[in-house]
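Let me begin by presenting the structure, written as structure tokens, before commenting on it.
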Amino acid sequence: MPEKEFACTQCNSPEGRCSCTKYCTLCGNLEGTRLVEDGYYYCGECREACDYKTQDEMS
Ligand SMILES: [Zn+2]
Ligand SMILES: [Zn+2]
């Protein structure tokens, strides 16, 4: 089964092609934000706190 590719909810593009402003959905941080499964960006701290995984952490 092919892995589901995470896509940005704003532009429907995967992280590599997304050109939206990638601020953390929870705290507004712009540093180190990554797309997670729900289609939003989160900074490292918030990903850790909420146990969100980026695409490359899933496999
Ligand atoms: Zn986007
Ligand atoms: Zn954050």
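Residues are named by chain letter and number: chains run A, B, ... in the order of the structure tokens, numbers start at 1 in each chain, and ligands are numbered from 1 in the order shown.
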Could you pull out the residues in chain A that DSSP calls strand (DSSP E) from the backbone, as an MDAnalysis selection string? chainID A and resid 34:35 41:42
Using only C-alpha atoms and all ligand atoms, find each residue in chain A having at least one atom no more than 10 Å away from ligand 2; report its shortest atom-to-atom pair and that distance in Å (one decimal), rows by chain then rising number, as a Markdown table.
| residue | atom | partner | partner_atom_place_in_ligand_line | distance |
| --- | --- | --- | --- | --- |
| A:Tyr23 | CA | ligand 2 | 1 (Zn) | 8.0 |
| A:Cys24 | CA | ligand 2 | 1 (Zn) | 4.7 |
| A:Thr25 | CA | ligand 2 | 1 (Zn) | 6.6 |
| A:Leu26 | CA | ligand 2 | 1 (Zn) | 5.1 |
| A:Cys27 | CA | ligand 2 | 1 (Zn) | 4.2 |
| A:Gly28 | CA | ligand 2 | 1 (Zn) | 6.1 |
| A:Asn29 | CA | ligand 2 | 1 (Zn) | 5.4 |
| A:Leu30 | CA | ligand 2 | 1 (Zn) | 8.2 |
| A:Glu31 | CA | ligand 2 | 1 (Zn) | 8.7 |
| A:Gly32 | CA | ligand 2 | 1 (Zn) | 9.0 |
| A:Thr33 | CA | ligand 2 | 1 (Zn) | 7.6 |
| A:Tyr41 | CA | ligand 2 | 1 (Zn) | 8.5 |
| A:Tyr42 | CA | ligand 2 | 1 (Zn) | 5.3 |
| A:Cys43 | CA | ligand 2 | 1 (Zn) | 4.3 |
| A:Gly44 | CA | ligand 2 | 1 (Zn) | 6.7 |
| A:Glu45 | CA | ligand 2 | 1 (Zn) | 5.8 |
| A:Cys46 | CA | ligand 2 | 1 (Zn) | 4.4 |
| A:Arg47 | CA | ligand 2 | 1 (Zn) | 7.3 |
| A:Glu48 | CA | ligand 2 | 1 (Zn) | 9.4 |
| A:Ala49 | CA | ligand 2 | 1 (Zn) | 9.1 |
| A:Cys50 | CA | ligand 2 | 1 (Zn) | 9.9 |
Given the selection you just returned, output its residues as a file containing N, CA and C atoms, formatted as an mmCIF file, in the first residue's frame.
data_model
loop_
_atom_site.group_PDB
_atom_site.id
_atom_site.type_symbol
_atom_site.label_atom_id
_atom_site.label_comp_id
_atom_site.auth_asym_id
_atom_site.auth_seq_id
_atom_site.Cartn_x
_atom_site.Cartn_y
_atom_site.Cartn_z
ATOM 1 N N TYR A 23 4.153 28.822 9.464
ATOM 2 C CA TYR A 23 4.232 29.118 10.895
ATOM 3 C C TYR A 23 3.534 28.023 11.679
ATOM 4 N N CYS A 24 3.981 27.835 12.915
ATOM 5 C CA CYS A 24 3.413 26.800 13.766
ATOM 6 C C CYS A 24 1.950 27.113 14.067
ATOM 7 N N THR A 25 1.092 26.133 13.823
ATOM 8 C CA THR A 25 -0.343 26.309 14.039
ATOM 9 C C THR A 25 -0.677 26.601 15.503
ATOM 10 N N LEU A 26 0.129 26.080 16.407
ATOM 11 C CA LEU A 26 -0.165 26.246 17.827
ATOM 12 C C LEU A 26 0.423 27.517 18.421
ATOM 13 N N CYS A 27 1.706 27.795 18.133
ATOM 14 C CA CYS A 27 2.362 28.900 18.826
ATOM 15 C C CYS A 27 2.817 30.020 17.897
ATOM 16 N N GLY A 28 2.673 29.846 16.587
ATOM 17 C CA GLY A 28 3.025 30.908 15.653
ATOM 18 C C GLY A 28 4.504 31.003 15.331
ATOM 19 N N ASN A 29 5.306 30.111 15.885
ATOM 20 C CA ASN A 29 6.738 30.075 15.616
ATOM 21 C C ASN A 29 7.007 29.801 14.131
ATOM 22 N N LEU A 30 7.991 30.491 13.557
ATOM 23 C CA LEU A 30 8.341 30.259 12.158
ATOM 24 C C LEU A 30 9.579 29.377 12.004
ATOM 25 N N GLU A 31 10.244 29.107 13.108
ATOM 26 C CA GLU A 31 11.501 28.354 13.066
ATOM 27 C C GLU A 31 11.248 26.850 13.142
ATOM 28 N N GLY A 32 11.801 26.118 12.196
ATOM 29 C CA GLY A 32 11.790 24.659 12.276
ATOM 30 C C GLY A 32 10.424 24.021 12.136
ATOM 31 N N THR A 33 9.499 24.706 11.492
ATOM 32 C CA THR A 33 8.171 24.122 11.346
ATOM 33 C C THR A 33 8.168 23.078 10.233
ATOM 34 N N TYR A 41 1.329 22.961 9.882
ATOM 35 C CA TYR A 41 2.735 23.029 10.277
ATOM 36 C C TYR A 41 2.866 23.239 11.778
ATOM 37 N N TYR A 42 3.846 22.547 12.341
ATOM 38 C CA TYR A 42 4.122 22.695 13.767
ATOM 39 C C TYR A 42 5.626 22.784 13.976
ATOM 40 N N CYS A 43 6.034 23.593 14.940
ATOM 41 C CA CYS A 43 7.453 23.684 15.266
ATOM 42 C C CYS A 43 7.885 22.433 16.038
ATOM 43 N N GLY A 44 9.178 22.281 16.206
ATOM 44 C CA GLY A 44 9.717 21.105 16.868
ATOM 45 C C GLY A 44 9.146 20.881 18.260
ATOM 46 N N GLU A 45 9.070 21.941 19.030
ATOM 47 C CA GLU A 45 8.563 21.817 20.396
ATOM 48 C C GLU A 45 7.122 21.336 20.432
ATOM 49 N N CYS A 46 6.285 21.932 19.581
ATOM 50 C CA CYS A 46 4.870 21.554 19.575
ATOM 51 C C CYS A 46 4.680 20.150 19.011
ATOM 52 N N ARG A 47 5.487 19.764 18.020
ATOM 53 C CA ARG A 47 5.401 18.391 17.508
ATOM 54 C C ARG A 47 5.740 17.396 18.599
ATOM 55 N N GLU A 48 6.762 17.728 19.367
ATOM 56 C CA GLU A 48 7.161 16.839 20.446
ATOM 57 C C GLU A 48 6.078 16.765 21.521
ATOM 58 N N ALA A 49 5.538 17.928 21.860
ATOM 59 C CA ALA A 49 4.519 17.987 22.911
ATOM 60 C C ALA A 49 3.257 17.226 22.510
ATOM 61 N N CYS A 50 2.902 17.282 21.237
ATOM 62 C CA CYS A 50 1.662 16.658 20.758
ATOM 63 C C CYS A 50 1.909 15.309 20.102
#
Within 8 Å of ligand 1, counting only C-alpha atoms and all ligand atoms, residues as a PyMOL selection string: chain A and resi 7-15+17-22
Spatial neighbours of Ser59 in chain A, 12 Å, only C-alpha atoms, chain gap at least 2 places, as a list in words: Pro2, Glu3, Lys4, Glu5, Lys53, Thr54, Gln55, Asp56 and Glu57 of chain A
Only all heavy atoms, please: the residues just picked out, written as a PDB file, in the first residue's frame.
ATOM      1  N   PRO A   2       0.636   2.157  -0.923  1.00  0.00           N
ATOM      2  CA  PRO A   2       1.480   3.353  -0.950  1.00  0.00           C
ATOM      3  C   PRO A   2       1.231   4.235   0.262  1.00  0.00           C
ATOM      4  O   PRO A   2       0.086   4.367   0.715  1.00  0.00           O
ATOM      5  CB  PRO A   2       1.075   4.065  -2.243  1.00  0.00           C
ATOM      6  CG  PRO A   2      -0.279   3.558  -2.555  1.00  0.00           C
ATOM      7  CD  PRO A   2      -0.406   2.194  -1.931  1.00  0.00           C
ATOM      8  N   GLU A   3       2.297   4.801   0.739  1.00  0.00           N
ATOM      9  CA  GLU A   3       2.199   5.677   1.894  1.00  0.00           C
ATOM     10  C   GLU A   3       1.443   6.943   1.522  1.00  0.00           C
ATOM     11  O   GLU A   3       1.658   7.522   0.461  1.00  0.00           O
ATOM     12  CB  GLU A   3       3.613   6.046   2.349  1.00  0.00           C
ATOM     13  CG  GLU A   3       3.733   6.238   3.847  1.00  0.00           C
ATOM     14  CD  GLU A   3       5.185   6.539   4.216  1.00  0.00           C
ATOM     15  OE1 GLU A   3       6.036   5.667   4.021  1.00  0.00           O
ATOM     16  OE2 GLU A   3       5.425   7.647   4.671  1.00  0.00           O
ATOM     17  N   LYS A   4       0.577   7.354   2.388  1.00  0.00           N
ATOM     18  CA  LYS A   4      -0.161   8.589   2.157  1.00  0.00           C
ATOM     19  C   LYS A   4       0.781   9.775   2.301  1.00  0.00           C
ATOM     20  O   LYS A   4       1.503   9.900   3.281  1.00  0.00           O
ATOM     21  CB  LYS A   4      -1.289   8.696   3.184  1.00  0.00           C
ATOM     22  CG  LYS A   4      -2.191   9.896   3.005  1.00  0.00           C
ATOM     23  CD  LYS A   4      -3.331   9.811   4.016  1.00  0.00           C
ATOM     24  CE  LYS A   4      -3.847  11.189   4.373  1.00  0.00           C
ATOM     25  NZ  LYS A   4      -3.111  11.849   5.464  1.00  0.00           N
ATOM     26  N   GLU A   5       0.768  10.641   1.291  1.00  0.00           N
ATOM     27  CA  GLU A   5       1.645  11.799   1.345  1.00  0.00           C
ATOM     28  C   GLU A   5       0.936  12.944   2.053  1.00  0.00           C
ATOM     29  O   GLU A   5      -0.184  13.289   1.713  1.00  0.00           O
ATOM     30  CB  GLU A   5       2.054  12.219  -0.070  1.00  0.00           C
ATOM     31  CG  GLU A   5       3.177  13.226  -0.061  1.00  0.00           C
ATOM     32  CD  GLU A   5       3.738  13.469  -1.464  1.00  0.00           C
ATOM     33  OE1 GLU A   5       2.974  13.400  -2.439  1.00  0.00           O
ATOM     34  OE2 GLU A   5       4.933  13.740  -1.567  1.00  0.00           O
ATOM     35  N   LYS A  53       4.182  13.522  14.007  1.00  0.00           N
ATOM     36  CA  LYS A  53       5.323  13.060  13.229  1.00  0.00           C
ATOM     37  C   LYS A  53       5.303  13.672  11.832  1.00  0.00           C
ATOM     38  O   LYS A  53       4.258  13.786  11.206  1.00  0.00           O
ATOM     39  CB  LYS A  53       5.290  11.536  13.099  1.00  0.00           C
ATOM     40  CG  LYS A  53       5.314  10.817  14.441  1.00  0.00           C
ATOM     41  CD  LYS A  53       6.606  10.034  14.597  1.00  0.00           C
ATOM     42  CE  LYS A  53       6.644   9.212  15.876  1.00  0.00           C
ATOM     43  NZ  LYS A  53       6.610  10.046  17.098  1.00  0.00           N
ATOM     44  N   THR A  54       6.501  14.051  11.350  1.00  0.00           N
ATOM     45  CA  THR A  54       6.614  14.502   9.969  1.00  0.00           C
ATOM     46  C   THR A  54       6.593  13.289   9.043  1.00  0.00           C
ATOM     47  O   THR A  54       6.747  12.158   9.492  1.00  0.00           O
ATOM     48  CB  THR A  54       7.926  15.279   9.762  1.00  0.00           C
ATOM     49  OG1 THR A  54       9.025  14.433  10.088  1.00  0.00           O
ATOM     50  CG2 THR A  54       7.988  16.530  10.637  1.00  0.00           C
ATOM     51  N   GLN A  55       6.428  13.568   7.748  1.00  0.00           N
ATOM     52  CA  GLN A  55       6.359  12.477   6.771  1.00  0.00           C
ATOM     53  C   GLN A  55       7.569  11.534   6.884  1.00  0.00           C
ATOM     54  O   GLN A  55       7.403  10.313   6.910  1.00  0.00           O
ATOM     55  CB  GLN A  55       6.326  13.082   5.353  1.00  0.00           C
ATOM     56  CG  GLN A  55       6.219  12.032   4.251  1.00  0.00           C
ATOM     57  CD  GLN A  55       4.808  11.867   3.747  1.00  0.00           C
ATOM     58  OE1 GLN A  55       4.243  12.794   3.188  1.00  0.00           O
ATOM     59  NE2 GLN A  55       4.245  10.715   3.946  1.00  0.00           N
ATOM     60  N   ASP A  56       8.754  12.112   6.971  1.00  0.00           N
ATOM     61  CA  ASP A  56       9.941  11.259   6.989  1.00  0.00           C
ATOM     62  C   ASP A  56      10.152  10.544   8.330  1.00  0.00           C
ATOM     63  O   ASP A  56      10.977   9.658   8.442  1.00  0.00           O
ATOM     64  CB  ASP A  56      11.202  12.050   6.569  1.00  0.00           C
ATOM     65  CG  ASP A  56      11.293  13.386   7.294  1.00  0.00           C
ATOM     66  OD1 ASP A  56      10.689  14.349   6.795  1.00  0.00           O
ATOM     67  OD2 ASP A  56      11.938  13.450   8.355  1.00  0.00           O
ATOM     68  N   GLU A  57       9.405  10.922   9.341  1.00  0.00           N
ATOM     69  CA  GLU A  57       9.489  10.212  10.620  1.00  0.00           C
ATOM     70  C   GLU A  57       8.493   9.052  10.691  1.00  0.00           C
ATOM     71  O   GLU A  57       8.527   8.261  11.624  1.00  0.00           O
ATOM     72  CB  GLU A  57       9.216  11.173  11.784  1.00  0.00           C
ATOM     73  CG  GLU A  57      10.377  12.122  12.055  1.00  0.00           C
ATOM     74  CD  GLU A  57      10.017  13.240  13.030  1.00  0.00           C
ATOM     75  OE1 GLU A  57       8.826  13.464  13.292  1.00  0.00           O
ATOM     76  OE2 GLU A  57      10.933  13.887  13.527  1.00  0.00           O
TER      77      GLU A  57
END
Can you list, as number ranges by chain, every residue of chain A that DSSP puts in alpha helix (DSSP H)? A: 44-50, 55-58
Selected residues written out with all heavy atoms, as a short mmCIF file (atom, residue, chain, number, x, y, z; two decimals), in the first residue's frame:
data_model
loop_
_atom_site.label_atom_id
_atom_site.label_comp_id
_atom_site.auth_asym_id
_atom_site.auth_seq_id
_atom_site.Cartn_x
_atom_site.Cartn_y
_atom_site.Cartn_z
N GLY A 44 9.18 22.28 16.21
CA GLY A 44 9.72 21.10 16.87
C GLY A 44 9.15 20.88 18.26
O GLY A 44 8.79 19.76 18.61
N GLU A 45 9.07 21.94 19.03
CA GLU A 45 8.56 21.82 20.40
C GLU A 45 7.12 21.34 20.43
O GLU A 45 6.75 20.48 21.22
CB GLU A 45 8.65 23.17 21.12
CG GLU A 45 9.98 23.39 21.79
CD GLU A 45 10.02 24.73 22.51
OE1 GLU A 45 9.00 25.12 23.11
OE2 GLU A 45 11.08 25.38 22.43
N CYS A 46 6.29 21.93 19.58
CA CYS A 46 4.87 21.55 19.57
C CYS A 46 4.68 20.15 19.01
O CYS A 46 3.83 19.41 19.49
CB CYS A 46 4.06 22.57 18.78
SG CYS A 46 3.99 24.19 19.59
N ARG A 47 5.49 19.76 18.02
CA ARG A 47 5.40 18.39 17.51
C ARG A 47 5.74 17.40 18.60
O ARG A 47 5.10 16.36 18.75
CB ARG A 47 6.35 18.20 16.31
CG ARG A 47 5.86 18.88 15.05
CD ARG A 47 6.52 18.28 13.81
NE ARG A 47 7.96 18.12 13.94
CZ ARG A 47 8.85 19.07 13.68
NH1 ARG A 47 8.46 20.24 13.29
NH2 ARG A 47 10.13 18.83 13.82
N GLU A 48 6.76 17.73 19.37
CA GLU A 48 7.16 16.84 20.45
C GLU A 48 6.08 16.77 21.52
O GLU A 48 5.71 15.70 22.00
CB GLU A 48 8.47 17.33 21.05
CG GLU A 48 9.24 16.24 21.78
CD GLU A 48 10.63 16.71 22.13
OE1 GLU A 48 11.38 17.09 21.20
OE2 GLU A 48 10.95 16.72 23.32
N ALA A 49 5.54 17.93 21.86
CA ALA A 49 4.52 17.99 22.91
C ALA A 49 3.26 17.23 22.51
O ALA A 49 2.60 16.60 23.34
CB ALA A 49 4.18 19.44 23.21
N CYS A 50 2.90 17.28 21.24
CA CYS A 50 1.66 16.66 20.76
C CYS A 50 1.91 15.31 20.10
O CYS A 50 0.98 14.68 19.61
CB CYS A 50 0.97 17.58 19.76
SG CYS A 50 0.56 19.18 20.44
N GLN A 55 6.43 13.57 7.75
CA GLN A 55 6.36 12.48 6.77
C GLN A 55 7.57 11.53 6.88
O GLN A 55 7.40 10.31 6.91
CB GLN A 55 6.33 13.08 5.35
CG GLN A 55 6.22 12.03 4.25
CD GLN A 55 4.81 11.87 3.75
OE1 GLN A 55 4.24 12.79 3.19
NE2 GLN A 55 4.25 10.71 3.95
N ASP A 56 8.75 12.11 6.97
CA ASP A 56 9.94 11.26 6.99
C ASP A 56 10.15 10.54 8.33
O ASP A 56 10.98 9.66 8.44
CB ASP A 56 11.20 12.05 6.57
CG ASP A 56 11.29 13.39 7.29
OD1 ASP A 56 10.69 14.35 6.79
OD2 ASP A 56 11.94 13.45 8.36
N GLU A 57 9.40 10.92 9.34
CA GLU A 57 9.49 10.21 10.62
C GLU A 57 8.49 9.05 10.69
O GLU A 57 8.53 8.26 11.62
CB GLU A 57 9.22 11.17 11.78
CG GLU A 57 10.38 12.12 12.05
CD GLU A 57 10.02 13.24 13.03
OE1 GLU A 57 8.83 13.46 13.29
OE2 GLU A 57 10.93 13.89 13.53
N MET A 58 7.61 8.96 9.72
CA MET A 58 6.56 7.94 9.74
C MET A 58 7.09 6.57 9.33
O MET A 58 6.63 5.57 9.82
CB MET A 58 5.42 8.31 8.79
CG MET A 58 4.66 9.55 9.20
SD MET A 58 3.79 9.38 10.77
CE MET A 58 2.34 8.44 10.25
#
